[in-house]
>>> print(open('coords.cif').read())   # mmCIF, C-alpha atoms
data_input
#
loop_
_atom_site.label_atom_id
_atom_site.label_comp_id
_atom_site.auth_asym_id
_atom_site.auth_seq_id
_atom_site.Cartn_x
_atom_site.Cartn_y
_atom_site.Cartn_z
CA MET A 1 -11.91 -5.63 14.88
CA SER A 2 -10.84 -3.13 17.49
CA ASN A 3 -10.28 0.53 16.76
CA GLN A 4 -6.53 -0.01 16.54
CA PHE A 5 -6.62 -0.32 12.77
CA ILE A 6 -9.94 0.60 11.24
CA CYS A 7 -10.79 -0.55 7.77
CA GLY A 8 -14.12 -1.14 6.03
CA THR A 9 -16.61 -3.69 4.85
CA SER A 10 -16.26 -5.70 1.69
CA GLU A 11 -18.63 -3.48 -0.30
CA ILE A 12 -17.29 -0.06 0.55
CA THR A 13 -14.28 1.52 -1.14
CA GLY A 14 -12.20 4.09 0.65
CA ALA A 15 -9.33 6.37 -0.14
CA ARG A 16 -7.04 8.10 2.29
CA PHE A 17 -5.37 10.88 0.34
CA SER A 18 -3.52 14.16 0.55
CA ILE A 19 -2.99 17.00 -1.90
CA TYR A 20 0.39 18.72 -1.72
CA PRO A 21 0.63 22.05 -3.56
CA MET A 22 4.29 23.10 -3.59
CA SER A 23 3.37 26.72 -2.99
CA ASP A 24 3.17 29.30 -0.22
CA ARG A 25 -0.55 29.41 -1.05
CA PHE A 26 -1.08 25.71 -0.25
CA VAL A 27 -3.86 26.30 2.28
CA SER A 28 -6.04 28.36 -0.06
CA ILE A 29 -5.40 25.99 -2.98
CA ILE A 30 -6.51 22.97 -0.94
CA LEU A 31 -9.54 24.68 0.62
CA SER A 32 -10.66 26.10 -2.73
CA ALA A 33 -10.45 22.66 -4.36
CA LEU A 34 -12.38 21.04 -1.52
CA LYS A 35 -15.07 23.72 -1.76
CA THR A 36 -15.51 23.38 -5.52
CA VAL A 37 -15.95 19.61 -5.61
CA ASP A 38 -19.31 17.98 -4.87
CA THR A 39 -18.70 15.40 -2.14
CA SER A 40 -22.32 14.71 -1.29
CA LYS A 41 -22.16 11.07 -2.43
CA VAL A 42 -19.24 10.11 -0.20
CA TRP A 43 -18.47 10.05 3.50
CA MET A 44 -15.55 12.40 4.04
CA GLU A 45 -13.35 13.34 6.98
CA SER A 46 -10.16 15.40 7.05
CA ASP A 47 -7.46 15.69 9.70
CA ASP A 48 -4.09 17.44 9.77
CA VAL A 49 -2.38 14.66 7.79
CA SER A 50 -4.89 13.48 5.19
CA THR A 51 -8.49 13.21 4.04
CA CYS A 52 -10.52 10.01 3.98
CA VAL A 53 -13.40 9.47 1.55
CA ARG A 54 -15.59 6.37 1.55
CA GLY A 55 -18.50 5.15 -0.50
CA ARG A 56 -19.19 3.47 -3.83
CA SER A 57 -15.98 2.96 -5.73
CA GLU A 58 -16.93 5.22 -8.65
CA HIS A 59 -17.71 8.15 -6.35
CA VAL A 60 -14.47 7.76 -4.43
CA PHE A 61 -12.49 7.95 -7.68
CA ASP A 62 -14.71 10.79 -8.95
CA VAL A 63 -14.05 12.91 -5.87
CA VAL A 64 -10.31 12.26 -5.63
CA LYS A 65 -9.81 13.05 -9.33
CA ALA A 66 -11.89 16.20 -9.14
CA ILE A 67 -10.06 17.57 -6.09
CA PHE A 68 -6.67 16.88 -7.67
CA LEU A 69 -7.65 18.52 -10.96
CA GLU A 70 -9.07 21.57 -9.21
CA ALA A 71 -5.93 21.96 -7.11
CA SER A 72 -3.54 21.67 -10.05
CA LYS A 73 -5.40 23.53 -12.79
CA ASP A 74 -3.70 26.90 -12.19
CA GLY A 75 -0.28 25.42 -13.02
CA THR A 76 1.04 24.96 -9.50
CA HIS A 77 3.18 21.88 -8.94
CA VAL A 78 0.75 19.65 -7.06
CA VAL A 79 1.13 16.05 -5.92
CA LEU A 80 -1.59 13.61 -4.90
CA ASN A 81 -0.78 10.74 -2.59
CA ALA A 82 -3.57 8.26 -2.09
CA THR A 83 -4.19 4.81 -0.69
CA PHE A 84 -7.33 3.16 -2.07
CA SER A 85 -8.75 0.20 -0.20
CA ASN A 86 -11.59 -2.27 -0.55
CA GLY A 87 -12.46 -5.26 1.57
CA CYS A 88 -10.50 -4.56 4.73
CA PRO A 89 -12.36 -6.11 7.66
CA GLY A 90 -13.66 -3.44 9.99
CA ASP A 91 -16.29 -0.88 10.85
CA SER A 92 -19.26 0.47 8.94
CA ALA A 93 -18.85 4.26 8.99
CA GLY A 94 -20.15 5.62 5.73
CA ASP A 95 -21.95 2.48 4.66
CA VAL A 96 -25.12 4.49 4.15
CA TYR A 97 -23.48 6.09 1.12
CA LEU A 98 -23.52 2.73 -0.69
CA SER A 99 -27.17 3.38 -1.58
CA GLU A 100 -26.22 6.28 -3.90
CA ASN A 101 -26.77 5.75 -7.61
CA GLU A 102 -23.85 5.46 -10.04
CA MET A 103 -23.99 8.94 -11.62
CA ARG A 104 -20.71 10.74 -10.97
CA LEU A 105 -21.30 14.24 -9.68
CA ASN A 106 -18.00 15.82 -10.75
CA GLU A 107 -17.12 14.12 -14.03
CA LYS A 108 -18.64 16.83 -16.24
CA ASN A 109 -16.57 19.58 -14.62
CA SER A 110 -13.47 17.43 -14.41
CA LEU A 111 -13.54 16.75 -18.15
CA LEU A 112 -13.15 20.48 -18.78
CA ILE A 113 -9.68 20.34 -17.19
CA HIS A 114 -6.75 19.06 -19.23
CA GLN A 115 -3.80 18.03 -17.09
CA ASP A 116 -0.82 15.84 -17.92
CA VAL A 117 0.34 13.72 -15.00
CA ALA A 118 3.07 11.29 -14.00
CA VAL A 119 2.09 8.46 -11.69
CA GLN A 120 3.79 5.75 -9.69
CA PHE A 121 1.31 3.22 -8.38
CA ALA A 122 1.38 -0.15 -6.68
CA LEU A 123 -1.25 -2.81 -6.01
CA TYR A 124 -1.31 -4.92 -2.85
CA PRO A 125 -3.79 -7.82 -3.07
CA MET A 126 -3.82 -9.00 0.54
CA GLY A 127 -4.17 -12.46 2.02
CA ILE A 128 -3.26 -14.64 -0.97
CA SER A 129 0.00 -16.27 -2.04
CA THR A 130 -0.63 -15.53 -5.73
CA TYR A 131 -0.66 -11.76 -5.34
CA MET A 132 2.08 -11.18 -7.92
CA ASP A 133 -0.13 -12.76 -10.59
CA VAL A 134 -2.92 -10.33 -9.73
CA ILE A 135 -0.47 -7.42 -10.03
CA MET A 136 0.86 -8.60 -13.38
CA ASP A 137 -2.65 -8.93 -14.79
CA GLN A 138 -3.34 -5.30 -13.98
CA VAL A 139 0.02 -4.16 -15.38
CA ALA A 140 -1.03 -5.89 -18.60
CA LEU A 141 -4.30 -3.93 -18.48
CA ALA A 142 -2.37 -0.67 -18.10
CA LYS A 143 -0.23 -1.59 -21.12
CA ASN A 144 -3.34 -2.27 -23.18
CA GLN A 145 -4.73 1.13 -22.23
CA GLY A 146 -1.55 2.90 -23.38
CA THR A 147 -0.83 4.66 -20.10
CA PHE A 148 1.88 2.30 -18.80
CA THR A 149 5.40 3.68 -19.19
CA LYS A 150 7.70 1.36 -17.30
CA GLY A 151 8.32 -0.53 -14.10
CA VAL A 152 10.33 1.17 -11.40
CA HIS A 153 11.46 -0.19 -8.06
CA TYR A 154 8.35 -0.97 -5.98
CA ALA A 155 5.89 0.58 -8.42
CA SER A 156 4.65 0.88 -11.98
CA ARG A 157 4.76 4.16 -13.83
CA LEU A 158 1.92 5.70 -15.84
CA ASP A 159 2.06 8.89 -17.89
CA GLY A 160 -0.52 10.83 -19.85
CA ASN A 161 -3.68 12.83 -19.57
CA ALA A 162 -5.14 12.71 -16.07
CA HIS A 163 -8.43 11.26 -17.31
CA ALA A 164 -6.74 8.36 -19.10
CA VAL A 165 -4.45 7.70 -16.16
CA PHE A 166 -7.27 7.80 -13.61
CA LYS A 167 -9.24 5.38 -15.78
CA THR A 168 -6.32 2.94 -15.71
CA LEU A 169 -6.01 3.29 -11.94
CA GLU A 170 -9.71 2.69 -11.39
CA ASP A 171 -9.80 -0.23 -13.81
CA ALA A 172 -6.69 -1.81 -12.25
CA PHE A 173 -8.17 -1.44 -8.77
CA ASN A 174 -11.45 -2.99 -9.87
CA GLY A 175 -9.65 -5.69 -11.84
CA ALA A 176 -7.63 -6.69 -8.80
CA HIS A 177 -10.85 -6.69 -6.79
CA ASP A 178 -12.21 -9.36 -9.13
CA SER A 179 -9.32 -11.68 -8.22
CA ASP A 180 -9.10 -14.26 -5.42
CA SER A 181 -8.11 -11.53 -2.96
CA THR A 182 -10.96 -9.99 -1.01
CA HIS A 183 -8.89 -7.08 0.31
CA ILE A 184 -7.22 -4.84 -2.27
CA VAL A 185 -4.97 -1.89 -1.53
CA MET A 186 -3.59 0.48 -4.16
CA THR A 187 -1.13 3.30 -3.52
CA VAL A 188 -0.83 6.23 -5.93
CA ALA A 189 1.66 9.10 -6.17
CA MET A 190 0.53 11.49 -8.92
CA SER A 191 2.45 14.60 -9.94
CA ALA A 192 1.30 17.53 -12.10
CA ASN A 193 3.24 20.58 -13.30
CA SER A 194 6.57 19.34 -11.95
CA PRO A 195 9.55 21.48 -12.92
CA SER A 196 11.75 18.37 -12.95
CA LYS A 197 12.83 16.99 -16.24
CA LYS A 198 10.71 13.99 -17.01
CA GLU A 199 12.48 10.70 -17.54
CA VAL A 200 9.74 8.55 -18.90
CA LYS A 201 11.67 5.97 -20.88
CA MET B 202 10.47 -11.32 -12.88
CA SER B 203 10.20 -9.01 -15.86
CA ASN B 204 10.84 -5.28 -15.66
CA GLN B 205 7.11 -4.57 -15.47
CA PHE B 206 7.19 -4.34 -11.70
CA ILE B 207 10.68 -4.29 -10.23
CA CYS B 208 11.21 -5.16 -6.60
CA GLY B 209 14.22 -6.51 -4.71
CA THR B 210 15.84 -9.54 -3.16
CA SER B 211 14.93 -10.86 0.25
CA GLU B 212 17.91 -9.22 1.96
CA ILE B 213 17.69 -5.72 0.60
CA THR B 214 15.36 -3.07 1.98
CA GLY B 215 14.16 -0.24 -0.19
CA ALA B 216 12.17 2.91 0.19
CA ARG B 217 10.48 4.92 -2.51
CA PHE B 218 9.81 8.33 -1.01
CA SER B 219 9.08 11.96 -1.73
CA ILE B 220 9.53 15.13 0.29
CA TYR B 221 6.86 17.80 -0.22
CA PRO B 222 7.72 21.26 1.12
CA MET B 223 4.56 23.39 0.94
CA SER B 224 6.57 26.42 -0.16
CA ASP B 225 7.49 28.38 -3.26
CA ARG B 226 11.09 27.44 -2.37
CA PHE B 227 10.40 23.71 -2.62
CA VAL B 228 13.16 23.02 -5.16
CA SER B 229 15.93 24.59 -3.09
CA ILE B 230 14.66 22.98 0.13
CA ILE B 231 14.72 19.51 -1.44
CA LEU B 232 18.08 19.95 -3.16
CA SER B 233 19.65 21.39 -0.02
CA ALA B 234 18.46 18.46 2.09
CA LEU B 235 19.70 15.93 -0.45
CA LYS B 236 23.10 17.65 -0.55
CA THR B 237 23.50 17.71 3.24
CA VAL B 238 22.73 14.04 3.87
CA ASP B 239 25.38 11.35 3.44
CA THR B 240 23.93 8.74 1.10
CA SER B 241 27.13 6.83 0.44
CA LYS B 242 25.87 3.63 2.09
CA VAL B 243 22.74 3.33 -0.05
CA TRP B 244 21.91 2.97 -3.72
CA MET B 245 19.86 6.03 -4.66
CA GLU B 246 18.00 7.19 -7.75
CA SER B 247 15.61 10.12 -8.19
CA ASP B 248 13.09 10.86 -10.91
CA ASP B 249 10.45 13.55 -11.29
CA VAL B 250 7.98 11.74 -8.98
CA SER B 251 10.07 10.24 -6.18
CA THR B 252 13.43 9.00 -4.92
CA CYS B 253 14.36 5.37 -4.38
CA VAL B 254 16.97 4.31 -1.82
CA ARG B 255 18.07 0.71 -1.34
CA GLY B 256 20.50 -1.06 0.93
CA ARG B 257 20.70 -2.38 4.47
CA SER B 258 17.53 -1.59 6.37
CA GLU B 259 19.21 0.67 8.95
CA HIS B 260 20.82 2.84 6.29
CA VAL B 261 17.58 3.22 4.36
CA PHE B 262 15.83 4.48 7.51
CA ASP B 263 18.85 6.63 8.42
CA VAL B 264 18.84 8.38 5.04
CA VAL B 265 15.07 8.92 4.81
CA LYS B 266 14.91 10.34 8.36
CA ALA B 267 17.89 12.62 7.77
CA ILE B 268 16.51 14.05 4.52
CA PHE B 269 13.11 14.69 6.09
CA LEU B 270 14.62 16.40 9.15
CA GLU B 271 16.90 18.58 7.02
CA ALA B 272 13.99 19.61 4.80
CA SER B 273 11.71 20.51 7.70
CA LYS B 274 14.12 22.06 10.20
CA ASP B 275 13.54 25.67 9.09
CA GLY B 276 9.84 25.46 10.03
CA THR B 277 8.38 24.96 6.58
CA HIS B 278 5.36 22.66 6.43
CA VAL B 279 6.94 19.53 4.93
CA VAL B 280 5.42 16.11 4.31
CA LEU B 281 7.20 12.82 3.72
CA ASN B 282 5.48 10.06 1.81
CA ALA B 283 7.34 6.77 1.73
CA THR B 284 6.82 3.14 0.86
CA PHE B 285 9.31 0.81 2.54
CA SER B 286 9.68 -2.69 1.11
CA ASN B 287 11.61 -5.84 1.88
CA GLY B 288 11.44 -9.22 0.20
CA CYS B 289 9.71 -8.39 -3.06
CA PRO B 290 10.92 -10.83 -5.71
CA GLY B 291 12.94 -9.03 -8.35
CA ASP B 292 16.22 -7.60 -9.50
CA SER B 293 19.51 -6.99 -7.75
CA ALA B 294 20.31 -3.31 -8.34
CA GLY B 295 22.05 -1.99 -5.26
CA ASP B 296 22.81 -5.38 -3.74
CA VAL B 297 26.46 -4.40 -3.44
CA TYR B 298 25.47 -1.96 -0.68
CA LEU B 299 24.50 -4.87 1.57
CA SER B 300 28.19 -5.27 2.46
CA GLU B 301 28.26 -1.94 4.32
CA ASN B 302 28.67 -2.08 8.09
CA GLU B 303 25.88 -1.09 10.45
CA MET B 304 27.15 2.36 11.51
CA ARG B 305 24.58 4.99 10.56
CA LEU B 306 26.20 7.91 8.79
CA ASN B 307 23.60 10.57 9.55
CA GLU B 308 22.32 9.73 13.03
CA LYS B 309 24.66 12.11 14.84
CA ASN B 310 23.52 15.10 12.81
CA SER B 311 19.89 14.02 12.85
CA LEU B 312 19.84 13.89 16.65
CA LEU B 313 20.65 17.61 16.73
CA ILE B 314 17.27 18.34 15.10
CA HIS B 315 14.13 18.32 17.24
CA GLN B 316 10.96 18.00 15.21
CA ASP B 317 7.47 16.99 16.26
CA VAL B 318 5.64 14.96 13.65
CA ALA B 319 2.26 13.39 12.94
CA VAL B 320 2.25 10.10 11.08
CA GLN B 321 -0.25 7.81 9.44
CA PHE B 322 1.28 4.47 8.55
CA ALA B 323 0.11 1.08 7.35
CA LEU B 324 1.75 -2.32 7.12
CA TYR B 325 1.07 -4.77 4.30
CA PRO B 326 2.51 -8.25 5.00
CA MET B 327 2.09 -9.89 1.59
CA GLY B 328 1.30 -13.45 0.63
CA ILE B 329 -0.18 -14.77 3.88
CA SER B 330 -3.75 -15.14 5.09
CA THR B 331 -2.83 -14.13 8.66
CA TYR B 332 -1.63 -10.63 7.71
CA MET B 333 -4.01 -8.88 10.14
CA ASP B 334 -2.34 -10.67 13.06
CA VAL B 335 1.05 -9.38 11.93
CA ILE B 336 -0.36 -5.85 11.74
CA MET B 337 -1.93 -6.07 15.19
CA ASP B 338 1.35 -7.27 16.72
CA GLN B 339 3.12 -4.19 15.43
CA VAL B 340 0.33 -1.87 16.57
CA ALA B 341 0.86 -3.36 20.04
CA LEU B 342 4.56 -2.57 19.71
CA ALA B 343 3.77 1.04 18.83
CA LYS B 344 1.51 1.27 21.88
CA ASN B 345 4.29 -0.04 24.09
CA GLN B 346 6.66 2.57 22.70
CA GLY B 347 4.22 5.38 23.50
CA THR B 348 4.02 6.81 19.99
CA PHE B 349 0.68 5.26 18.98
CA THR B 350 -2.21 7.73 19.10
CA LYS B 351 -5.17 5.99 17.50
CA GLY B 352 -6.41 3.94 14.59
CA VAL B 353 -7.85 5.81 11.63
CA HIS B 354 -9.43 4.40 8.49
CA TYR B 355 -6.78 2.40 6.61
CA ALA B 356 -3.90 3.43 8.86
CA SER B 357 -2.54 3.84 12.37
CA ARG B 358 -1.58 7.21 13.73
CA LEU B 359 1.65 8.04 15.57
CA ASP B 360 2.55 11.38 17.16
CA GLY B 361 5.66 12.66 18.87
CA ASN B 362 9.27 13.51 18.39
CA ALA B 363 10.55 12.44 14.97
CA HIS B 364 13.24 10.21 16.48
CA ALA B 365 10.77 8.27 18.62
CA VAL B 366 8.32 7.96 15.76
CA PHE B 367 10.97 6.82 13.27
CA LYS B 368 12.13 4.23 15.82
CA THR B 369 8.60 2.84 16.02
CA LEU B 370 8.32 2.75 12.24
CA GLU B 371 11.64 0.94 11.85
CA ASP B 372 10.86 -1.50 14.67
CA ALA B 373 7.38 -2.22 13.30
CA PHE B 374 8.81 -2.82 9.83
CA ASN B 375 11.47 -5.16 11.21
CA GLY B 376 8.96 -6.84 13.50
CA ALA B 377 6.66 -7.59 10.59
CA HIS B 378 9.65 -8.88 8.67
CA ASP B 379 10.18 -11.48 11.38
CA SER B 380 6.69 -12.89 10.77
CA ASP B 381 5.60 -15.63 8.34
CA SER B 382 5.45 -13.11 5.52
CA THR B 383 8.59 -12.84 3.42
CA HIS B 384 7.50 -9.64 1.66
CA ILE B 385 6.70 -6.65 3.84
CA VAL B 386 5.47 -3.27 2.66
CA MET B 387 4.96 -0.24 4.89
CA THR B 388 3.51 3.09 3.79
CA VAL B 389 4.20 6.27 5.75
CA ALA B 390 2.74 9.78 5.53
CA MET B 391 4.62 12.07 7.93
CA SER B 392 3.81 15.73 8.46
CA ALA B 393 5.84 18.42 10.19
CA ASN B 394 5.00 22.06 10.91
CA SER B 395 1.42 21.76 9.69
CA PRO B 396 -0.71 24.85 10.28
CA SER B 397 -3.78 22.63 10.68
CA LYS B 398 -5.19 22.14 14.10
CA LYS B 399 -4.11 18.76 15.35
CA GLU B 400 -6.83 16.30 16.24
CA VAL B 401 -4.91 13.59 17.97
CA LYS B 402 -7.52 12.10 20.24
#
>>> encode(input="coords.cif", output="structure tokens")
Amino acid sequence: MSNQFICGTSEITGARFSIYPMSDRFVSIILSALKTVDTSKVWMESDDVSTCVRGRSEHVFDVVKAIFLEASKDGTHVVLNATFSNGCPGDSAGDVYLSENEMRLNEKNSLLIHQDVAVQFALYPMGISTYMDVIMDQVALAKNQGTFTKGVHYASRLDGNAHAVFKTLEDAFNGAHDSDSTHIVMTVAMSANSPSKKEVK
Amino acid sequence: MSNQFICGTSEITGARFSIYPMSDRFVSIILSALKTVDTSKVWMESDDVSTCVRGRSEHVFDVVKAIFLEASKDGTHVVLNATFSNGCPGDSAGDVYLSENEMRLNEKNSLLIHQDVAVQFALYPMGISTYMDVIMDQVALAKNQGTFTKGVHYASRLDGNAHAVFKTLEDAFNGAHDSDSTHIVMTVAMSANSPSKKEVK
């Protein structure tokens, strides 16, 4: 694979994400969140558009959740946009982080933060003709977990406590990864403290 | 298809997108942009997480570009996140808009706005094993158009004037649509007026 479109190996999970605080103080909110969260178990690189974290799947989810919760905990309207990916053919940057153990470094602190969120997410199991079946299986999982609200155009909606919603996202991503597709992509738009009237039904 | 994951017909293009002004005035910036843009040739619905527009491909791109340019033209740091989709099996809401002619309602006004942008985008041609070839063909197109900057993990980066960059995005989306895949998804993160130091090389 050339460097025209860089992905990862089949073992490593990555997330390219951004935090958008709808506030004049957006720079300090983002930097403060990044500083608070322990990212020592993931490879991480930021540019002017987004941040990329790579490593074991559980640490990628741990870090993204922790940064979002830190950024939104003061009540500011904050949105997370993230693309999670596993199995894209490509380079090996960050592969060394796969040797980390499974203990999540930020979960204890994250659990101290209560935050209701609204999410629209979509799964893209690449390379197989039966991808809609994979998606439907994970929608069924979300329903079983009680976080699924409804289908919307091009996405499924989840509502609830951030910890429950992140668990569904992680389980759906891992569930899709156990399918016939070897390259799974999941997009997430997560909103906290929105002043808009929620329309969840 | 049930309502668990609603998509579209093979003719209709849709975009689910959000505008994030990093400002205390985010509500008025968004509402003002929505009010200024002519959306009469697309089906449109907003909720507390995002806005969905559906119709002929050119009008979907016309509306999304116009709203982003209106929201960012005063110099506020504004980000667009969008998922464009064509060919997802599903319902028919908005199909009536396919009878509109091709004249773009907002292009004249949009061309009056000069805005440099940085973009990370990714194409997901669904249902076929040769999806990486489709992606590479459209990366080559972006290189030919002079907007491609580099590959980053999980995305390709474009830089330049918003009109040139939007043209590449629309052409890449349409180019992928002409491939063996009948269901094309494209994600876009576009940033304007970022205070971060650009790292484009």
>>> atom_distance(input="coords.cif", atom1="atom CA of B:Val386", atom2="atom CA of B:Leu324")
5.9 Å
>>> residues_around(input="coords.cif", residues="A:Asp116", least_positions_apart="2", cutoff="10 Å", atoms="only C-alpha atoms", output="list in words")
Ile113, His114, Ala118, Asp159, Gly160, Asn161, Ala162, His163, Ala164, Val165, Ser191, Ala192 and Asn193 of chain A
>>> closest_residue(input="coords.cif", among="A:Leu98, A:Val64, A:Ala142, A:Val42", to="chain B", atoms="only C-alpha atoms")
A:Ala142
>>> resolve_selection(input="coords.cif", expression="the PyMOL selection byres ((chain A) within 8 of (chain B))", output="PyMOL selection string")
chain A and resi 3-8+16+20-26+47-49+52+81+85+118-120+124-131+136+139+150-156+189-191+194+196-199
>>> write_last_selection(input="coords.cif", atoms="C-alpha atoms", output="mmCIF file, in the frame of the given file")
data_model
loop_
_atom_site.group_PDB
_atom_site.id
_atom_site.type_symbol
_atom_site.label_atom_id
_atom_site.label_comp_id
_atom_site.auth_asym_id
_atom_site.auth_seq_id
_atom_site.Cartn_x
_atom_site.Cartn_y
_atom_site.Cartn_z
ATOM 1 C CA ASN A 3 -10.280 0.530 16.760
ATOM 2 C CA GLN A 4 -6.530 -0.010 16.540
ATOM 3 C CA PHE A 5 -6.620 -0.320 12.770
ATOM 4 C CA ILE A 6 -9.940 0.600 11.240
ATOM 5 C CA CYS A 7 -10.790 -0.550 7.770
ATOM 6 C CA GLY A 8 -14.120 -1.140 6.030
ATOM 7 C CA ARG A 16 -7.040 8.100 2.290
ATOM 8 C CA TYR A 20 0.390 18.720 -1.720
ATOM 9 C CA PRO A 21 0.630 22.050 -3.560
ATOM 10 C CA MET A 22 4.290 23.100 -3.590
ATOM 11 C CA SER A 23 3.370 26.720 -2.990
ATOM 12 C CA ASP A 24 3.170 29.300 -0.220
ATOM 13 C CA ARG A 25 -0.550 29.410 -1.050
ATOM 14 C CA PHE A 26 -1.080 25.710 -0.250
ATOM 15 C CA ASP A 47 -7.460 15.690 9.700
ATOM 16 C CA ASP A 48 -4.090 17.440 9.770
ATOM 17 C CA VAL A 49 -2.380 14.660 7.790
ATOM 18 C CA CYS A 52 -10.520 10.010 3.980
ATOM 19 C CA ASN A 81 -0.780 10.740 -2.590
ATOM 20 C CA SER A 85 -8.750 0.200 -0.200
ATOM 21 C CA ALA A 118 3.070 11.290 -14.000
ATOM 22 C CA VAL A 119 2.090 8.460 -11.690
ATOM 23 C CA GLN A 120 3.790 5.750 -9.690
ATOM 24 C CA TYR A 124 -1.310 -4.920 -2.850
ATOM 25 C CA PRO A 125 -3.790 -7.820 -3.070
ATOM 26 C CA MET A 126 -3.820 -9.000 0.540
ATOM 27 C CA GLY A 127 -4.170 -12.460 2.020
ATOM 28 C CA ILE A 128 -3.260 -14.640 -0.970
ATOM 29 C CA SER A 129 0.000 -16.270 -2.040
ATOM 30 C CA THR A 130 -0.630 -15.530 -5.730
ATOM 31 C CA TYR A 131 -0.660 -11.760 -5.340
ATOM 32 C CA MET A 136 0.860 -8.600 -13.380
ATOM 33 C CA VAL A 139 0.020 -4.160 -15.380
ATOM 34 C CA LYS A 150 7.700 1.360 -17.300
ATOM 35 C CA GLY A 151 8.320 -0.530 -14.100
ATOM 36 C CA VAL A 152 10.330 1.170 -11.400
ATOM 37 C CA HIS A 153 11.460 -0.190 -8.060
ATOM 38 C CA TYR A 154 8.350 -0.970 -5.980
ATOM 39 C CA ALA A 155 5.890 0.580 -8.420
ATOM 40 C CA SER A 156 4.650 0.880 -11.980
ATOM 41 C CA ALA A 189 1.660 9.100 -6.170
ATOM 42 C CA MET A 190 0.530 11.490 -8.920
ATOM 43 C CA SER A 191 2.450 14.600 -9.940
ATOM 44 C CA SER A 194 6.570 19.340 -11.950
ATOM 45 C CA SER A 196 11.750 18.370 -12.950
ATOM 46 C CA LYS A 197 12.830 16.990 -16.240
ATOM 47 C CA LYS A 198 10.710 13.990 -17.010
ATOM 48 C CA GLU A 199 12.480 10.700 -17.540
#
>>> atom_distance(input="coords.cif", atom1="atom CA of A:Val134", atom2="atom CA of A:Thr168")
14.9 Å
>>> closest_residue(input="coords.cif", among="A:Ala66, A:His177, A:Lys41, A:Arg56", to="A:Asn109", atoms="all atoms listed in the file")
A:Ala66
>>> atom_distance(input="coords.cif", atom1="atom CA of B:Trp244", atom2="atom CA of B:Ile268")
14.8 Å
>>> residues_around(input="coords.cif", residues="A:Phe68", least_positions_apart="4", cutoff="7 Å", atoms="all atoms listed in the file", output="MDAnalysis selection string")
chainID A and resid 19 64 72 80
>>> resolve_selection(input="coords.cif", expression="the PyMOL selection byres ((chain B and resi 305) around 12)", output="VMD selection string")
chain B and resid 238 to 243 257 to 267 301 to 304 306 to 312
